[in-house]
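**Student:** I'd like to ask some things about the structure below.
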Amino acid sequence: MAKIQKIKGVADLFPEESAKYAFMEKTAREVFSAYGYGELRIPILEKTELFCRSIGEETDVVQKEMYTFPDRKGRSLTMRPEATAGVVRAYVENKIYQPGKVTKLYTYGPMFRYERPQAGRMRQFHQLDAEIFGASEPQADAEVLLMLATFLSKIGLEKLSFELNSLGCPECRPLYRKALDDFFNSINKEELCEDCQRRVNSNPLRVLDCKNKKCAELTKDAPSIPDHLCGDCRDHFDAVIALIDEAGLVYTLNPRLVRGLDYYQRTAFEVTSGDIGSQTAVAGGGRYDGLVESLGGPKKVPGIGFACGMERLAMLLGDNFEEKLDFYVALVDQRAAGDALIFAEKLRKSGLKGEAAFVATSMKSQLRQANKLEVKKCFIFGTDEVENGTVTVKDMIEGGQESLPRNEYFK
């Protein structure tokens, strides 16, 4: 029969690779819990309307990238393309909100977008996501940025760049939108790329974020978002900057930084690396103070959060994340197979990690396997050990070995 192969754009993560993801998840739990976050697990499948209302009908994600299909009753379902919308839906549906209550949640898992697969960008990819609800103060923005920096440092990544911008609010955004529309009316919009020709009317901020060199050149003189902030947005952003300056976070102000999802306002940020090719962003996020209300929650519940792309972080982590074993039980006489298995089980119950051979082969091949696993000790069960009730303990680091009665090893 023909082999069944995996779908294009997804990956099988074997132990040497999945160990990186387990390491990131473990570190995220440790760091995020130290900041008072609790874990939330949300469904992979959601009603399509959730993403249309939150992300935005005119975004590339909704227009071109979502995996959407009808279920058997004809309801439109979508495999989540990002986590924030699902976290907000859960927050609203379960009425977690209370006046004056700050809620901190994190989640992680697979997301799905139909994109051209390339390094660091898969159709099934993984994100770590953290969100705060109920805090409008600039201290919340600063804490989110500092927690993200702490997490990235804890997993060993230092050569990263933080970029920040403020996208304004519903009060000042219309004035900026008018200035942007006037600018686009002054240039030849037909010279923009196909996507930007569509965006220029539906979502003009996204034109500023286009990676096409021609679009970047055409829009280099576009009006700046920070120049059009209202007083409250300016004061908020200045306070965020002052706090992260005091904390020692190194960053760059990028007036062209926008986020690709419609719900962002005020503080927006992105973390990039120059070591993973053209797909430079490894994390990003920002404030979304109107999202809770737009999904049926109460008015004026602020929110801010971020997501990390785990595939891209994994590309930066290197290869030494597979957990090492402590021992290997070598079997060179099949009569000792049962004794070898029980001995290995006792070693594990004592707190060690290791493997035991099931089939007897030559001593040379068994020691070769022990060396391959880079274990500290090899326990040998051969003919002498079967006849004498002993085990030979070989130190794989120092090179010496000794024969001991099996039970004495555990005294």
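Lettering and numbering for the structure tokens are positional, with chains as A, B, ... in the shown order, residues counted from 1 in each chain, and ligands counted from 1 in the shown order.
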Need to verify the contact set: Tyr409 (chain A), 9 Å, only C-alpha atoms, exclusion of same-chain residues closer than 4 positions in sequence. Can you return it as a PDB file with C-alpha atoms, in the first residue's frame?
**Tutor:**
ATOM      1  CA  VAL A 391      26.314  -6.957  38.128  1.00  0.00           C
ATOM      2  CA  LEU A 404      29.089  -6.222  42.900  1.00  0.00           C
ATOM      3  CA  PRO A 405      26.267  -8.357  44.303  1.00  0.00           C
TER       4      PRO A 405
END
**Student:** What's the 10 Å shell around Arg113 (chain A), counting only C-alpha atoms, without same-chain residues fewer than 3 positions away, as JSON, numbers by chain?
**Tutor:** {"A": [9, 61, 62, 64, 65, 66, 67, 79, 80, 81, 82, 116, 117, 121, 122, 123, 124, 125]}
**Student:** With distances taken over only C-alpha atoms, which residue among A:Asp221, A:Asp227, A:Asp141, A:Asp275 lies nearest Ala242 (chain A)?
**Tutor:** A:Asp141
**Student:** Taking the chain letters and numbering used in this document, name the residues of region 149-324 of chain A that DSSP puts in strand (DSSP E or B), as a PyMOL selection string.
**Tutor:** chain A and resi 161-166+252-253+265-272+281-287+303-309
**Student:** Go ahead and dump the residues you just picked, N, CA, C and O atoms, as a tab-separated table (two decimals), in the first residue's frame.
**Tutor:**
chain	number	residue	atom	x	y	z
A	161	SER	N	16.23	42.18	19.50
A	161	SER	CA	15.93	43.61	19.47
A	161	SER	C	14.47	43.85	19.79
A	161	SER	O	13.59	43.22	19.18
A	162	PHE	N	14.21	44.72	20.75
A	162	PHE	CA	12.84	45.13	21.09
A	162	PHE	C	12.51	46.41	20.33
A	162	PHE	O	13.27	47.38	20.38
A	163	GLU	N	11.38	46.43	19.63
A	163	GLU	CA	10.90	47.62	18.94
A	163	GLU	C	9.53	48.00	19.49
A	163	GLU	O	8.68	47.13	19.69
A	164	LEU	N	9.35	49.31	19.75
A	164	LEU	CA	8.12	49.79	20.37
A	164	LEU	C	7.50	50.92	19.55
A	164	LEU	O	8.21	51.67	18.88
A	165	ASN	N	6.18	51.03	19.67
A	165	ASN	CA	5.46	52.14	19.06
A	165	ASN	C	4.14	52.30	19.81
A	165	ASN	O	3.74	51.42	20.58
A	166	SER	N	3.48	53.43	19.61
A	166	SER	CA	2.12	53.62	20.10
A	166	SER	C	1.22	53.81	18.90
A	166	SER	O	1.52	54.59	18.00
A	252	THR	N	14.22	49.96	20.76
A	252	THR	CA	14.24	50.99	19.72
A	252	THR	C	12.82	51.45	19.47
A	252	THR	O	11.89	50.63	19.41
A	253	LEU	N	12.63	52.76	19.33
A	253	LEU	CA	11.32	53.28	18.94
A	253	LEU	C	11.19	53.18	17.43
A	253	LEU	O	12.04	53.66	16.69
A	265	GLN	N	-4.23	48.81	20.00
A	265	GLN	CA	-4.20	50.25	20.16
A	265	GLN	C	-3.16	50.60	21.22
A	265	GLN	O	-2.71	49.73	21.95
A	266	ARG	N	-2.78	51.84	21.26
A	266	ARG	CA	-1.73	52.30	22.17
A	266	ARG	C	-0.47	51.46	22.02
A	266	ARG	O	0.00	51.22	20.92
A	267	THR	N	0.10	50.95	23.11
A	267	THR	CA	1.41	50.30	23.06
A	267	THR	C	1.40	49.07	22.15
A	267	THR	O	0.56	48.19	22.28
A	268	ALA	N	2.36	49.04	21.21
A	268	ALA	CA	2.58	47.86	20.37
A	268	ALA	C	4.07	47.58	20.36
A	268	ALA	O	4.89	48.51	20.43
A	269	PHE	N	4.43	46.31	20.30
A	269	PHE	CA	5.86	45.97	20.34
A	269	PHE	C	6.13	44.69	19.58
A	269	PHE	O	5.23	43.89	19.31
A	270	GLU	N	7.39	44.53	19.22
A	270	GLU	CA	7.84	43.34	18.48
A	270	GLU	C	9.27	43.04	18.90
A	270	GLU	O	10.06	43.95	19.17
A	271	VAL	N	9.58	41.76	18.96
A	271	VAL	CA	10.95	41.32	19.26
A	271	VAL	C	11.48	40.60	18.03
A	271	VAL	O	10.83	39.70	17.50
A	272	THR	N	12.65	41.02	17.56
A	272	THR	CA	13.20	40.46	16.33
A	272	THR	C	14.60	39.92	16.55
A	272	THR	O	15.29	40.27	17.50
A	281	ALA	N	10.76	38.28	13.15
A	281	ALA	CA	9.99	38.47	14.38
A	281	ALA	C	9.86	37.15	15.14
A	281	ALA	O	9.49	36.12	14.58
A	282	VAL	N	10.19	37.18	16.42
A	282	VAL	CA	10.05	35.99	17.27
A	282	VAL	C	8.97	36.16	18.32
A	282	VAL	O	8.51	35.19	18.93
A	283	ALA	N	8.55	37.40	18.58
A	283	ALA	CA	7.50	37.66	19.56
A	283	ALA	C	6.92	39.04	19.28
A	283	ALA	O	7.57	39.89	18.67
A	284	GLY	N	5.70	39.26	19.72
A	284	GLY	CA	5.09	40.56	19.53
A	284	GLY	C	3.79	40.65	20.29
A	284	GLY	O	3.23	39.64	20.73
A	285	GLY	N	3.31	41.87	20.46
A	285	GLY	CA	2.06	42.04	21.17
A	285	GLY	C	1.72	43.49	21.32
A	285	GLY	O	2.27	44.36	20.65
A	286	GLY	N	0.81	43.76	22.25
A	286	GLY	CA	0.41	45.13	22.49
A	286	GLY	C	-0.88	45.21	23.26
A	286	GLY	O	-1.42	44.21	23.75
A	287	ARG	N	-1.40	46.43	23.35
A	287	ARG	CA	-2.61	46.72	24.12
A	287	ARG	C	-3.83	46.62	23.21
A	287	ARG	O	-3.79	47.00	22.04
A	303	GLY	N	-6.95	45.48	28.12
A	303	GLY	CA	-6.18	44.25	28.00
A	303	GLY	C	-4.86	44.52	27.30
A	303	GLY	O	-4.74	45.45	26.51
A	304	ILE	N	-3.89	43.69	27.60
A	304	ILE	CA	-2.59	43.77	26.92
A	304	ILE	C	-1.94	42.39	27.01
A	304	ILE	O	-2.14	41.65	27.98
A	305	GLY	N	-1.18	42.03	25.98
A	305	GLY	CA	-0.53	40.73	26.01
A	305	GLY	C	0.49	40.58	24.90
A	305	GLY	O	0.77	41.51	24.16
A	306	PHE	N	1.03	39.35	24.78
A	306	PHE	CA	2.01	39.06	23.74
A	306	PHE	C	1.97	37.59	23.39
A	306	PHE	O	1.40	36.77	24.12
A	307	ALA	N	2.55	37.26	22.26
A	307	ALA	CA	2.72	35.88	21.85
A	307	ALA	C	4.13	35.68	21.33
A	307	ALA	O	4.71	36.57	20.71
A	308	CYS	N	4.69	34.50	21.59
A	308	CYS	CA	6.02	34.11	21.09
A	308	CYS	C	5.86	32.99	20.09
A	308	CYS	O	5.14	32.01	20.36
A	309	GLY	N	6.51	33.11	18.94
A	309	GLY	CA	6.51	32.03	17.97
A	309	GLY	C	7.54	30.98	18.34
A	309	GLY	O	8.75	31.22	18.26
**Student:** Using only C-alpha atoms, determine which residues lie at most 12 Å from Leu157 (chain A), disregarding the query and same-chain residues fewer than 6 positions distant; provide the list as a list in words.
**Tutor:**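 Once the adjacent positions are removed, what remains is Met24, Leu148, Ala149, Thr150, Phe151, Val271, Thr272, Ser273, Asp275, Val282, Arg312, Leu313, Ala314, Met315, Leu316, Leu317 and Gly318 of chain A.
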**Student:** Run DSSP on the backbone and give me the residues of region 97-151 of chain A it puts in alpha helix (DSSP H), as a VMD selection string.
**Tutor:** chain A and resid 138 to 151
**Student:** For each of A:Ala142, A:Met396, A:Met147, A:Leu331, take the minimum atom-to-atom distance to Ser33 (chain A), counting only C-alpha atoms, then give the residue where this is smallest.
**Tutor:** A:Met147
**Student:** Quick one: residues within 12 Å of Leu45 (chain A), only C-alpha atoms, excluding same-chain residues fewer than 5 positions away - as a ChimeraX atom specification?
**Tutor:** /A:50-51,66-71,75-83,85-86,110-112
**Student:** Could you tell me how far CA of Ser350 (chain A) lies from CA of Lys324 (chain A), in Å and to one decimal?
**Tutor:**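 Atom-to-atom, CA of Ser350 (chain A) to CA of Lys324 (chain A), that is 16.5 Å.
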**Student:** Just the residues within 7 Å of region 170-177 of chain A, please, counting only C-alpha atoms, with nothing from its chain fewer than 2 positions along; format it as a ChimeraX atom specification.
**Tutor:** /A:168,179-181,225,228-230
**Student:** Quick one: of A:Gln98, A:Asn188, A:Thr59, A:Gln401, who's nearest to Asn203 (chain A), counting only C-alpha atoms?
**Tutor:**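 With only C-alpha atoms as the atom set, the closest residue is A:Thr59.
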**Student:** Need to verify the contact set: region 214-217 of chain A, 10 Å, only C-alpha atoms, exclusion of same-chain residues closer than 2 positions in sequence. Can you return it as a list of chain:residue names?
**Tutor:**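 The residues that qualify are A:Lys189, A:Glu191, A:Leu192, A:Cys193, A:Cys196, A:Gln197, A:Val207, A:Leu208, A:Asp209, A:Cys210, A:Lys211, A:Asn212, A:Thr219, A:Lys220, A:Asp221, A:Ala222.
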**Student:** Kindly give the distance, in Å, that separates CA of Lys20 (chain A) and CA of Ala140 (chain A), rounded to a single decimal.
**Tutor:**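 Computing the Euclidean distance for CA of Lys20 (chain A) and CA of Ala140 (chain A) yields 29.2 Å.
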**Student:** Which of these, A:Gly354, A:Pro138, A:Pro226, A:Pro255, has the shortest distance to Leu325 (chain A) once you count only C-alpha atoms?
**Tutor:** A:Gly354
